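For reference, entry-v1.pdb is printed below; it contains PDB, C-alpha atoms, pLDDT in the B column.
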```pdb
ATOM      1  CA  ASP A  25       0.000   0.000   0.000  1.00 47.00           C
ATOM      2  CA  ALA A  26       1.164   3.479  -0.818  1.00 55.00           C
ATOM      3  CA  LYS A  27       2.658   5.380   2.082  1.00 86.00           C
ATOM      4  CA  THR A  28       2.083   8.708   0.380  1.00 94.00           C
ATOM      5  CA  THR A  29      -0.900  10.708  -0.807  1.00 95.00           C
ATOM      6  CA  GLN A  30      -0.655  13.087  -3.727  1.00 97.00           C
ATOM      7  CA  PRO A  31      -3.246  15.011  -5.728  1.00 98.00           C
ATOM      8  CA  THR A  32      -4.151  13.281  -8.944  1.00 97.00           C
ATOM      9  CA  SER A  33      -3.440  16.268 -11.132  1.00 97.00           C
ATOM     10  CA  MET A  34      -2.326  19.887 -11.097  1.00 98.00           C
ATOM     11  CA  ASP A  35      -1.950  22.689 -13.603  1.00 97.00           C
ATOM     12  CA  CYS A  36       0.740  25.345 -13.640  1.00 97.00           C
ATOM     13  CA  ALA A  37       1.380  28.310 -15.902  1.00 97.00           C
ATOM     14  CA  GLU A  38       4.656  28.312 -17.776  1.00 97.00           C
ATOM     15  CA  GLY A  39       7.283  30.362 -15.968  1.00 97.00           C
ATOM     16  CA  ARG A  40       5.523  30.155 -12.638  1.00 97.00           C
ATOM     17  CA  ALA A  41       6.518  28.034  -9.682  1.00 97.00           C
ATOM     18  CA  ALA A  42       4.948  24.595  -9.485  1.00 98.00           C
ATOM     19  CA  ASN A  43       4.308  23.430  -5.940  1.00 98.00           C
ATOM     20  CA  LEU A  44       3.524  19.739  -5.671  1.00 98.00           C
ATOM     21  CA  PRO A  45       2.350  18.528  -2.263  1.00 98.00           C
ATOM     22  CA  CYS A  46       2.757  15.107  -0.736  1.00 97.00           C
ATOM     23  CA  ASN A  47       1.359  13.721   2.501  1.00 97.00           C
ATOM     24  CA  HIS A  48       3.295  11.001   4.290  1.00 95.00           C
ATOM     25  CA  SER A  49       1.772  11.076   7.750  1.00 94.00           C
ATOM     26  CA  THR A  50       3.043   7.602   8.709  1.00 91.00           C
ATOM     27  CA  ILE A  51       6.654   8.261   7.783  1.00 91.00           C
ATOM     28  CA  SER A  52       9.126   6.780  10.226  1.00 88.00           C
ATOM     29  CA  GLY A  53      12.282   8.368  11.520  1.00 87.00           C
ATOM     30  CA  ASN A  54      14.643   6.555   9.179  1.00 85.00           C
ATOM     31  CA  GLU A  55      12.623   7.038   6.004  1.00 88.00           C
ATOM     32  CA  TYR A  56      13.636   9.528   3.396  1.00 90.00           C
ATOM     33  CA  VAL A  57      11.361  11.353   0.974  1.00 93.00           C
ATOM     34  CA  TYR A  58      12.281  10.869  -2.686  1.00 93.00           C
ATOM     35  CA  TRP A  59      10.833  12.542  -5.734  1.00 96.00           C
ATOM     36  CA  TYR A  60      10.926  11.116  -9.227  1.00 96.00           C
ATOM     37  CA  ARG A  61       9.112  12.117 -12.368  1.00 97.00           C
ATOM     38  CA  GLN A  62       8.052  10.321 -15.522  1.00 97.00           C
ATOM     39  CA  ILE A  63       7.685  12.235 -18.742  1.00 96.00           C
ATOM     40  CA  HIS A  64       5.214  10.587 -21.096  1.00 89.00           C
ATOM     41  CA  SER A  65       6.020   6.892 -20.473  1.00 81.00           C
ATOM     42  CA  GLN A  66       9.768   7.465 -20.493  1.00 93.00           C
ATOM     43  CA  GLY A  67      11.816   5.939 -17.707  1.00 95.00           C
ATOM     44  CA  PRO A  68      11.384   7.618 -14.325  1.00 96.00           C
ATOM     45  CA  GLN A  69      13.883  10.342 -13.539  1.00 96.00           C
ATOM     46  CA  TYR A  70      15.293  11.109 -10.112  1.00 94.00           C
ATOM     47  CA  ILE A  71      14.701  14.672  -8.935  1.00 96.00           C
ATOM     48  CA  ILE A  72      15.648  15.092  -5.297  1.00 95.00           C
ATOM     49  CA  HIS A  73      15.473  13.489  -1.874  1.00 92.00           C
ATOM     50  CA  GLY A  74      15.611  14.586   1.757  1.00 93.00           C
ATOM     51  CA  LEU A  75      15.265  13.454   5.350  1.00 91.00           C
ATOM     52  CA  LYS A  76      14.227  16.474   7.389  1.00 91.00           C
ATOM     53  CA  ASN A  77      16.100  19.487   6.120  1.00 88.00           C
ATOM     54  CA  ASN A  78      15.022  21.400   3.073  1.00 94.00           C
ATOM     55  CA  GLU A  79      17.016  20.492  -0.004  1.00 96.00           C
ATOM     56  CA  THR A  80      17.739  22.243  -3.267  1.00 97.00           C
ATOM     57  CA  ASN A  81      19.449  21.153  -6.444  1.00 95.00           C
ATOM     58  CA  GLU A  82      19.549  22.315 -10.041  1.00 94.00           C
ATOM     59  CA  MET A  83      16.148  20.808 -10.751  1.00 94.00           C
ATOM     60  CA  ALA A  84      13.997  21.576  -7.750  1.00 97.00           C
ATOM     61  CA  SER A  85      13.618  22.366  -4.065  1.00 98.00           C
ATOM     62  CA  LEU A  86      12.162  20.054  -1.459  1.00 98.00           C
ATOM     63  CA  ILE A  87      10.466  21.502   1.584  1.00 97.00           C
ATOM     64  CA  ILE A  88       9.734  19.040   4.399  1.00 96.00           C
ATOM     65  CA  THR A  89       7.540  20.101   7.298  1.00 96.00           C
ATOM     66  CA  GLU A  90       8.989  20.043  10.764  1.00 95.00           C
ATOM     67  CA  ASP A  91       6.880  17.045  11.784  1.00 94.00           C
ATOM     68  CA  ARG A  92       7.908  15.359   8.495  1.00 95.00           C
ATOM     69  CA  LYS A  93       4.319  14.387   7.763  1.00 95.00           C
ATOM     70  CA  SER A  94       4.224  16.246   4.495  1.00 96.00           C
ATOM     71  CA  SER A  95       6.490  17.786   1.916  1.00 97.00           C
ATOM     72  CA  THR A  96       6.346  20.004  -1.147  1.00 98.00           C
ATOM     73  CA  LEU A  97       8.364  19.739  -4.310  1.00 98.00           C
ATOM     74  CA  ILE A  98       8.940  23.121  -5.899  1.00 98.00           C
ATOM     75  CA  LEU A  99       9.872  23.636  -9.524  1.00 98.00           C
ATOM     76  CA  PRO A 100      10.792  27.335  -9.400  1.00 97.00           C
ATOM     77  CA  HIS A 101      10.148  28.236 -13.036  1.00 95.00           C
ATOM     78  CA  ALA A 102       8.110  25.541 -14.696  1.00 97.00           C
ATOM     79  CA  THR A 103       8.532  24.960 -18.416  1.00 97.00           C
ATOM     80  CA  LEU A 104       6.443  22.947 -20.847  1.00 97.00           C
ATOM     81  CA  ARG A 105       9.055  20.194 -20.594  1.00 96.00           C
ATOM     82  CA  ASP A 106       8.229  19.798 -16.914  1.00 97.00           C
ATOM     83  CA  THR A 107       4.858  18.331 -17.856  1.00 98.00           C
ATOM     84  CA  ALA A 108       5.061  14.869 -16.312  1.00 98.00           C
ATOM     85  CA  VAL A 109       3.809  12.572 -13.573  1.00 97.00           C
ATOM     86  CA  TYR A 110       5.589  13.342 -10.315  1.00 98.00           C
ATOM     87  CA  TYR A 111       6.032  10.616  -7.723  1.00 97.00           C
ATOM     88  CA  CYS A 112       6.657  11.138  -4.038  1.00 96.00           C
ATOM     89  CA  ILE A 113       8.169   8.010  -2.477  1.00 93.00           C
ATOM     90  CA  VAL A 114       9.230   7.296   1.075  1.00 90.00           C
ATOM     91  CA  ARG A 115      11.763   4.621   1.795  1.00 84.00           C
ATOM     92  CA  VAL A 116      14.457   3.676   4.216  1.00 77.00           C
ATOM     93  CA  ARG A 117      17.878   4.715   3.054  1.00 68.00           C
ATOM     94  CA  GLY A 118      20.046   1.645   3.175  1.00 62.00           C
ATOM     95  CA  SER A 119      17.321  -0.725   2.077  1.00 61.00           C
ATOM     96  CA  GLN A 120      17.720  -2.311  -1.299  1.00 61.00           C
ATOM     97  CA  GLY A 121      16.980   0.293  -3.878  1.00 62.00           C
ATOM     98  CA  ASN A 122      13.636  -0.930  -5.152  1.00 80.00           C
ATOM     99  CA  LEU A 123      11.170   1.917  -5.317  1.00 87.00           C
ATOM    100  CA  ILE A 124       7.455   1.623  -4.646  1.00 87.00           C
ATOM    101  CA  PHE A 125       5.664   3.956  -7.014  1.00 92.00           C
ATOM    102  CA  GLY A 126       2.180   5.264  -6.368  1.00 91.00           C
ATOM    103  CA  LYS A 127      -0.027   6.973  -8.907  1.00 93.00           C
ATOM    104  CA  GLY A 128       1.717  10.319  -8.551  1.00 96.00           C
ATOM    105  CA  THR A 129       0.561  13.770  -9.594  1.00 98.00           C
ATOM    106  CA  LYS A 130       0.081  14.575 -13.241  1.00 97.00           C
ATOM    107  CA  LEU A 131       1.489  18.088 -13.639  1.00 98.00           C
ATOM    108  CA  SER A 132       0.421  19.950 -16.753  1.00 98.00           C
ATOM    109  CA  VAL A 133       2.390  23.091 -17.516  1.00 98.00           C
ATOM    110  CA  LYS A 134       0.398  25.364 -19.778  1.00 96.00           C
ATOM    111  CA  PRO A 135       1.625  28.236 -21.950  1.00 95.00           C
TER     112      PRO A 135
ATOM    113  CA  GLU B 198      25.727  12.361 -18.743  1.00 77.00           C
ATOM    114  CA  PRO B 199      25.864   8.598 -18.182  1.00 82.00           C
ATOM    115  CA  GLU B 200      22.751   6.700 -19.097  1.00 93.00           C
ATOM    116  CA  VAL B 201      21.148   3.307 -18.956  1.00 97.00           C
ATOM    117  CA  THR B 202      20.403   1.943 -22.403  1.00 97.00           C
ATOM    118  CA  GLN B 203      17.782  -0.628 -23.258  1.00 98.00           C
ATOM    119  CA  THR B 204      17.210  -2.649 -26.407  1.00 97.00           C
ATOM    120  CA  PRO B 205      15.022  -3.124 -28.266  1.00 97.00           C
ATOM    121  CA  SER B 206      12.789  -0.105 -27.806  1.00 97.00           C
ATOM    122  CA  HIS B 207       9.813  -2.127 -28.973  1.00 97.00           C
ATOM    123  CA  GLN B 208       9.356  -5.876 -29.135  1.00 97.00           C
ATOM    124  CA  VAL B 209       6.358  -7.683 -30.527  1.00 98.00           C
ATOM    125  CA  THR B 210       6.102 -11.378 -29.789  1.00 98.00           C
ATOM    126  CA  GLN B 211       3.567 -14.138 -30.034  1.00 97.00           C
ATOM    127  CA  MET B 212       2.035 -15.596 -26.935  1.00 98.00           C
ATOM    128  CA  GLY B 213       4.082 -18.495 -25.642  1.00 97.00           C
ATOM    129  CA  GLN B 214       7.329 -17.287 -27.142  1.00 98.00           C
ATOM    130  CA  GLU B 215      10.428 -16.455 -25.144  1.00 98.00           C
ATOM    131  CA  VAL B 216      11.733 -12.897 -25.099  1.00 98.00           C
ATOM    132  CA  ILE B 217      14.929 -11.396 -23.815  1.00 97.00           C
ATOM    133  CA  LEU B 218      15.056  -7.735 -22.941  1.00 98.00           C
ATOM    134  CA  ARG B 219      18.484  -6.199 -22.763  1.00 97.00           C
ATOM    135  CA  CYS B 220      19.937  -3.424 -20.668  1.00 98.00           C
ATOM    136  CA  VAL B 221      23.347  -1.841 -20.362  1.00 97.00           C
ATOM    137  CA  PRO B 222      23.568  -0.229 -16.920  1.00 96.00           C
ATOM    138  CA  ILE B 223      25.873   2.656 -16.119  1.00 94.00           C
ATOM    139  CA  SER B 224      29.396   1.281 -16.075  1.00 91.00           C
ATOM    140  CA  ASN B 225      30.363   1.850 -12.427  1.00 89.00           C
ATOM    141  CA  HIS B 226      26.993   0.876 -11.016  1.00 91.00           C
ATOM    142  CA  LEU B 227      26.678  -2.321  -9.060  1.00 89.00           C
ATOM    143  CA  TYR B 228      22.954  -2.681  -8.364  1.00 91.00           C
ATOM    144  CA  PHE B 229      20.484  -3.427 -11.086  1.00 94.00           C
ATOM    145  CA  TYR B 230      16.702  -3.517 -11.265  1.00 95.00           C
ATOM    146  CA  TRP B 231      13.829  -4.331 -13.538  1.00 97.00           C
ATOM    147  CA  TYR B 232      10.472  -2.611 -13.308  1.00 97.00           C
ATOM    148  CA  ARG B 233       7.427  -2.834 -15.487  1.00 97.00           C
ATOM    149  CA  GLN B 234       4.513  -0.542 -16.240  1.00 97.00           C
ATOM    150  CA  ILE B 235       1.336  -1.861 -17.772  1.00 97.00           C
ATOM    151  CA  LEU B 236      -0.326   0.810 -19.889  1.00 94.00           C
ATOM    152  CA  GLY B 237      -2.100   3.330 -17.697  1.00 91.00           C
ATOM    153  CA  GLN B 238      -0.956   1.712 -14.461  1.00 94.00           C
ATOM    154  CA  LYS B 239       1.752   2.245 -11.878  1.00 94.00           C
ATOM    155  CA  VAL B 240       5.409   1.448 -12.246  1.00 95.00           C
ATOM    156  CA  GLU B 241       5.933  -1.900 -10.484  1.00 95.00           C
ATOM    157  CA  PHE B 242       9.135  -3.363  -9.086  1.00 94.00           C
ATOM    158  CA  LEU B 243      10.086  -6.776 -10.450  1.00 96.00           C
ATOM    159  CA  VAL B 244      13.569  -7.693  -9.263  1.00 95.00           C
ATOM    160  CA  SER B 245      16.841  -6.363  -7.939  1.00 92.00           C
ATOM    161  CA  PHE B 246      20.228  -7.900  -8.673  1.00 93.00           C
ATOM    162  CA  TYR B 247      23.614  -7.535  -7.074  1.00 91.00           C
ATOM    163  CA  ASN B 248      26.832  -9.513  -7.169  1.00 89.00           C
ATOM    164  CA  ASN B 249      25.428 -11.904  -9.744  1.00 91.00           C
ATOM    165  CA  GLU B 250      22.414 -12.912  -7.779  1.00 93.00           C
ATOM    166  CA  ILE B 251      18.890 -11.769  -7.115  1.00 94.00           C
ATOM    167  CA  SER B 252      18.632  -9.572  -4.033  1.00 91.00           C
ATOM    168  CA  GLU B 253      14.906  -9.183  -3.928  1.00 90.00           C
ATOM    169  CA  LYS B 254      11.952  -9.976  -6.151  1.00 93.00           C
ATOM    170  CA  SER B 255       8.281  -9.136  -6.169  1.00 93.00           C
ATOM    171  CA  GLU B 256       5.317 -11.465  -6.473  1.00 94.00           C
ATOM    172  CA  ILE B 257       5.142 -10.605 -10.151  1.00 95.00           C
ATOM    173  CA  PHE B 258       8.572 -12.128 -10.744  1.00 96.00           C
ATOM    174  CA  ASP B 259       7.501 -15.764 -10.953  1.00 95.00           C
ATOM    175  CA  ASP B 260       9.186 -18.762 -12.544  1.00 95.00           C
ATOM    176  CA  GLN B 261       8.534 -17.409 -16.022  1.00 96.00           C
ATOM    177  CA  PHE B 262      11.019 -14.613 -15.389  1.00 98.00           C
ATOM    178  CA  SER B 263      14.761 -14.771 -15.017  1.00 98.00           C
ATOM    179  CA  VAL B 264      17.590 -12.269 -14.977  1.00 97.00           C
ATOM    180  CA  GLU B 265      21.200 -12.573 -15.913  1.00 95.00           C
ATOM    181  CA  ARG B 266      24.345 -10.528 -16.213  1.00 92.00           C
ATOM    182  CA  PRO B 267      26.032 -12.598 -18.889  1.00 87.00           C
ATOM    183  CA  ASP B 268      29.135 -10.607 -19.658  1.00 87.00           C
ATOM    184  CA  GLY B 269      29.800  -7.920 -17.081  1.00 78.00           C
ATOM    185  CA  SER B 270      28.096  -5.170 -19.023  1.00 87.00           C
ATOM    186  CA  ASN B 271      24.690  -6.412 -20.105  1.00 94.00           C
ATOM    187  CA  PHE B 272      21.793  -7.135 -17.771  1.00 96.00           C
ATOM    188  CA  THR B 273      18.959  -9.151 -19.245  1.00 97.00           C
ATOM    189  CA  LEU B 274      15.399 -10.027 -18.375  1.00 98.00           C
ATOM    190  CA  LYS B 275      14.042 -13.210 -19.892  1.00 98.00           C
ATOM    191  CA  ILE B 276      10.388 -14.117 -20.045  1.00 98.00           C
ATOM    192  CA  ARG B 277      10.212 -17.798 -20.818  1.00 96.00           C
ATOM    193  CA  SER B 278       6.701 -18.158 -22.181  1.00 95.00           C
ATOM    194  CA  THR B 279       5.004 -14.833 -22.707  1.00 97.00           C
ATOM    195  CA  LYS B 280       1.376 -14.220 -21.880  1.00 97.00           C
ATOM    196  CA  LEU B 281      -0.903 -11.476 -23.110  1.00 97.00           C
ATOM    197  CA  GLU B 282      -0.759  -9.865 -19.674  1.00 97.00           C
ATOM    198  CA  ASP B 283       3.012  -9.495 -19.959  1.00 98.00           C
ATOM    199  CA  SER B 284       2.436  -6.665 -22.420  1.00 98.00           C
ATOM    200  CA  ALA B 285       3.958  -3.612 -20.735  1.00 98.00           C
ATOM    201  CA  MET B 286       6.836  -1.183 -20.684  1.00 98.00           C
ATOM    202  CA  TYR B 287       9.844  -2.746 -19.017  1.00 98.00           C
ATOM    203  CA  PHE B 288      12.355  -0.423 -17.408  1.00 98.00           C
ATOM    204  CA  CYS B 289      15.854  -1.281 -16.347  1.00 97.00           C
ATOM    205  CA  ALA B 290      17.520   0.790 -13.639  1.00 95.00           C
ATOM    206  CA  SER B 291      20.864   0.887 -11.916  1.00 93.00           C
ATOM    207  CA  THR B 292      22.358   2.494  -8.842  1.00 90.00           C
ATOM    208  CA  GLN B 293      25.880   2.925  -7.654  1.00 87.00           C
ATOM    209  CA  ASP B 294      25.212   2.004  -4.068  1.00 78.00           C
ATOM    210  CA  PRO B 295      22.767  -0.158  -2.119  1.00 71.00           C
ATOM    211  CA  GLN B 296      21.043   2.891  -0.701  1.00 68.00           C
ATOM    212  CA  GLY B 297      19.856   3.569  -4.207  1.00 61.00           C
ATOM    213  CA  THR B 298      20.030   7.268  -3.593  1.00 71.00           C
ATOM    214  CA  GLU B 299      19.634   8.100  -7.236  1.00 86.00           C
ATOM    215  CA  ALA B 300      18.349   5.390  -9.512  1.00 90.00           C
ATOM    216  CA  PHE B 301      18.995   5.859 -13.213  1.00 93.00           C
ATOM    217  CA  PHE B 302      16.329   4.390 -15.459  1.00 96.00           C
ATOM    218  CA  GLY B 303      16.533   3.415 -19.086  1.00 97.00           C
ATOM    219  CA  GLN B 304      13.996   4.564 -21.632  1.00 97.00           C
ATOM    220  CA  GLY B 305      12.244   1.243 -21.540  1.00 97.00           C
ATOM    221  CA  THR B 306      11.277  -1.595 -23.860  1.00 98.00           C
ATOM    222  CA  ARG B 307       7.675  -1.739 -24.928  1.00 98.00           C
ATOM    223  CA  LEU B 308       6.723  -5.406 -25.039  1.00 98.00           C
ATOM    224  CA  THR B 309       3.589  -6.315 -26.947  1.00 98.00           C
ATOM    225  CA  VAL B 310       2.393  -9.891 -26.739  1.00 98.00           C
ATOM    226  CA  VAL B 311      -0.098 -10.871 -29.445  1.00 97.00           C
TER     227      VAL B 311
END
```

The structure in this file should be written as structure tokens.
Amino acid sequence: DAKTTQPTSMDCAEGRAANLPCNHSTISGNEYVYWYRQIHSQGPQYIIHGLKNNETNEMASLIITEDRKSSTLILPHATLRDTAVYYCIVRVRGSQGNLIFGKGTKLSVKP
Amino acid sequence: EPEVTQTPSHQVTQMGQEVILRCVPISNHLYFYWYRQILGQKVEFLVSFYNNEISEKSEIFDDQFSVERPDGSNFTLKIRSTKLEDSAMYFCASTQDPQGTEAFFGQGTRLTVV
């Protein structure tokens, strides 16, 4: 069963920030939050991960609430190429790397 | 940027036939995975492989499936006797470490069983 809850779909205007929420209220202390995306049936692509601190890389920022029960992936300036399904996944770092994908959020970036 | 490559991109096979899907993981990666995605459904884990043996497998990965790393660069998934319900996208992935911090996925092989 999925450990995360994400909205089914979201729209975002091109050039604006896309904020994708994820609830993971049952997350345990040693579980990380990972984000992947899948562009139109291509292979999933790693975006970012974090434990409790906010993280930023060249693709996105990850904001994790203090109680770690939810997080938000932020794409600061969404482009049409960011249209994809975004998956929020929680897993224990150190476990074998198999990922459990949920249904994700279908993000549509519109001109 | 390093990438995982998969061949063929599309395979059509008759029910009951054997198929082999091929993957070339990133060269310094040690952990390899197969996933599948039936059209319109979630990406599902099939099997993980390390040090020439299966580390973990899902319920989907039954006796009809096998994996192999025949020559130190290729990583293959064999389906012995394909069924219609095996039609799906099959993704290979690799990671450098067991934590699987960043899994790199190939572009997939679309398998169509007719």

Please report, as JSON lines, each residue of chain A lying at most 10 Å from chain B, together with the nearest pair of atoms and the separation in Å rounded to one decimal; use all atoms listed in the file, and order rows by chain and ascending residue number.
```
{"residue": "A:Tyr56", "atom": "CA", "partner": "B:Thr298", "partner_atom": "CA", "distance": 9.7}
{"residue": "A:Tyr58", "atom": "CA", "partner": "B:Thr298", "partner_atom": "CA", "distance": 8.6}
{"residue": "A:Trp59", "atom": "CA", "partner": "B:Glu299", "partner_atom": "CA", "distance": 10.0}
{"residue": "A:Tyr60", "atom": "CA", "partner": "B:Ala300", "partner_atom": "CA", "distance": 9.4}
{"residue": "A:Gln62", "atom": "CA", "partner": "B:Val240", "partner_atom": "CA", "distance": 9.8}
{"residue": "A:Ser65", "atom": "CA", "partner": "B:Met286", "partner_atom": "CA", "distance": 8.1}
{"residue": "A:Gln66", "atom": "CA", "partner": "B:Gln304", "partner_atom": "CA", "distance": 5.3}
{"residue": "A:Gly67", "atom": "CA", "partner": "B:Gln304", "partner_atom": "CA", "distance": 4.7}
{"residue": "A:Pro68", "atom": "CA", "partner": "B:Phe302", "partner_atom": "CA", "distance": 6.0}
{"residue": "A:Gln69", "atom": "CA", "partner": "B:Phe302", "partner_atom": "CA", "distance": 6.7}
{"residue": "A:Tyr70", "atom": "CA", "partner": "B:Glu299", "partner_atom": "CA", "distance": 6.0}
{"residue": "A:Ile71", "atom": "CA", "partner": "B:Glu299", "partner_atom": "CA", "distance": 8.4}
{"residue": "A:Ile72", "atom": "CA", "partner": "B:Glu299", "partner_atom": "CA", "distance": 8.3}
{"residue": "A:His73", "atom": "CA", "partner": "B:Thr298", "partner_atom": "CA", "distance": 7.9}
{"residue": "A:Arg115", "atom": "CA", "partner": "B:Gln296", "partner_atom": "CA", "distance": 9.8}
{"residue": "A:Val116", "atom": "CA", "partner": "B:Gln296", "partner_atom": "CA", "distance": 8.3}
{"residue": "A:Arg117", "atom": "CA", "partner": "B:Gln296", "partner_atom": "CA", "distance": 5.2}
{"residue": "A:Gly118", "atom": "CA", "partner": "B:Gln296", "partner_atom": "CA", "distance": 4.2}
{"residue": "A:Ser119", "atom": "CA", "partner": "B:Gln296", "partner_atom": "CA", "distance": 5.9}
{"residue": "A:Gln120", "atom": "CA", "partner": "B:Pro295", "partner_atom": "CA", "distance": 5.5}
{"residue": "A:Gly121", "atom": "CA", "partner": "B:Gly297", "partner_atom": "CA", "distance": 4.4}
{"residue": "A:Asn122", "atom": "CA", "partner": "B:Phe242", "partner_atom": "CA", "distance": 6.5}
{"residue": "A:Leu123", "atom": "CA", "partner": "B:Phe242", "partner_atom": "CA", "distance": 6.8}
{"residue": "A:Ile124", "atom": "CA", "partner": "B:Phe242", "partner_atom": "CA", "distance": 6.9}
{"residue": "A:Phe125", "atom": "CA", "partner": "B:Val240", "partner_atom": "CA", "distance": 5.8}
{"residue": "A:Gly126", "atom": "CA", "partner": "B:Lys239", "partner_atom": "CA", "distance": 6.3}
{"residue": "A:Lys127", "atom": "CA", "partner": "B:Lys239", "partner_atom": "CA", "distance": 5.9}
{"residue": "A:Gly128", "atom": "CA", "partner": "B:Lys239", "partner_atom": "CA", "distance": 8.7}
```

Next, dump the selected residues to file, keeping only C-alpha atoms, as a PDB file, in the frame of the given file.
```pdb
ATOM      1  CA  TYR A  56      13.636   9.528   3.396  1.00 90.00           C
ATOM      2  CA  TYR A  58      12.281  10.869  -2.686  1.00 93.00           C
ATOM      3  CA  TRP A  59      10.833  12.542  -5.734  1.00 96.00           C
ATOM      4  CA  TYR A  60      10.926  11.116  -9.227  1.00 96.00           C
ATOM      5  CA  GLN A  62       8.052  10.321 -15.522  1.00 97.00           C
ATOM      6  CA  SER A  65       6.020   6.892 -20.473  1.00 81.00           C
ATOM      7  CA  GLN A  66       9.768   7.465 -20.493  1.00 93.00           C
ATOM      8  CA  GLY A  67      11.816   5.939 -17.707  1.00 95.00           C
ATOM      9  CA  PRO A  68      11.384   7.618 -14.325  1.00 96.00           C
ATOM     10  CA  GLN A  69      13.883  10.342 -13.539  1.00 96.00           C
ATOM     11  CA  TYR A  70      15.293  11.109 -10.112  1.00 94.00           C
ATOM     12  CA  ILE A  71      14.701  14.672  -8.935  1.00 96.00           C
ATOM     13  CA  ILE A  72      15.648  15.092  -5.297  1.00 95.00           C
ATOM     14  CA  HIS A  73      15.473  13.489  -1.874  1.00 92.00           C
ATOM     15  CA  ARG A 115      11.763   4.621   1.795  1.00 84.00           C
ATOM     16  CA  VAL A 116      14.457   3.676   4.216  1.00 77.00           C
ATOM     17  CA  ARG A 117      17.878   4.715   3.054  1.00 68.00           C
ATOM     18  CA  GLY A 118      20.046   1.645   3.175  1.00 62.00           C
ATOM     19  CA  SER A 119      17.321  -0.725   2.077  1.00 61.00           C
ATOM     20  CA  GLN A 120      17.720  -2.311  -1.299  1.00 61.00           C
ATOM     21  CA  GLY A 121      16.980   0.293  -3.878  1.00 62.00           C
ATOM     22  CA  ASN A 122      13.636  -0.930  -5.152  1.00 80.00           C
ATOM     23  CA  LEU A 123      11.170   1.917  -5.317  1.00 87.00           C
ATOM     24  CA  ILE A 124       7.455   1.623  -4.646  1.00 87.00           C
ATOM     25  CA  PHE A 125       5.664   3.956  -7.014  1.00 92.00           C
ATOM     26  CA  GLY A 126       2.180   5.264  -6.368  1.00 91.00           C
ATOM     27  CA  LYS A 127      -0.027   6.973  -8.907  1.00 93.00           C
ATOM     28  CA  GLY A 128       1.717  10.319  -8.551  1.00 96.00           C
TER      29      GLY A 128
END
```

| task | Kindly provide, as an MDAnalysis selection string, the polymer residues lying within 6 Å of (19.6, -3.7, -18.1), counting only C-alpha atoms and using the coordinates exactly as they appear in the file. | result | chainID B and resid 219:222 272:273 289

| query | Within 10 Å of (13.6, 15.4, 12.0), in the coordinates the file gives, what residues turn up when you count all atoms listed in the file, written out as a PyMOL selection string? | reply | chain A and resi 52-54+75-77+88-92

| said: Starting from the PyMOL selection byres ((chain B and resi 263) around 9), expand the selection into actual residues of this file and give them as a PyMOL selection string. | reply: chain B and resi 258-262+264-265+273-277

Could those residues be written to a file, using C-alpha atoms, as a short mmCIF file (atom, residue, chain, number, x, y, z; two decimals), keeping the file's coordinate frame?
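Heads up, here's the output in part_24.cif:
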```
data_model
loop_
_atom_site.label_atom_id
_atom_site.label_comp_id
_atom_site.auth_asym_id
_atom_site.auth_seq_id
_atom_site.Cartn_x
_atom_site.Cartn_y
_atom_site.Cartn_z
CA PHE B 258 8.57 -12.13 -10.74
CA ASP B 259 7.50 -15.76 -10.95
CA ASP B 260 9.19 -18.76 -12.54
CA GLN B 261 8.53 -17.41 -16.02
CA PHE B 262 11.02 -14.61 -15.39
CA VAL B 264 17.59 -12.27 -14.98
CA GLU B 265 21.20 -12.57 -15.91
CA THR B 273 18.96 -9.15 -19.24
CA LEU B 274 15.40 -10.03 -18.38
CA LYS B 275 14.04 -13.21 -19.89
CA ILE B 276 10.39 -14.12 -20.05
CA ARG B 277 10.21 -17.80 -20.82
#
```

| remark: What separates atom CA of A:Thr96 and atom CA of B:Arg233 is a distance of 27.0 Å

| Of the residues B:Glu200, B:Asn249, B:Gln208, B:Pro267, which is the one nearest to B:Val310, using all atoms listed in the file? |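 Smallest distance to B:Val310 is found for B:Gln208.
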
| message | Show me, as a count of residues only, the residues that have an atom within 12 Å of A:Ala41 when counting all atoms listed in the file, minus same-chain residues fewer than 5 positions from it. | response | 15

| task | State, in Å with one decimal place, the distance from atom CA of B:Asp268 to atom CA of B:Pro199. | result | 19.5 Å

| field | Distance in Å - atom CA of A:Ser94 versus atom CA of A:Lys130 | value |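 Separation of atom CA of A:Ser94 and atom CA of A:Lys130: 18.3 Å.
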
| request: Give the answer as one residue: which of A:Lys93, A:Met34, A:Arg105, A:Gly39 has the shortest atom-to-atom distance to A:Ile51, using only C-alpha atoms? | output: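 Distance minimum relative to A:Ile51 lands on A:Lys93.
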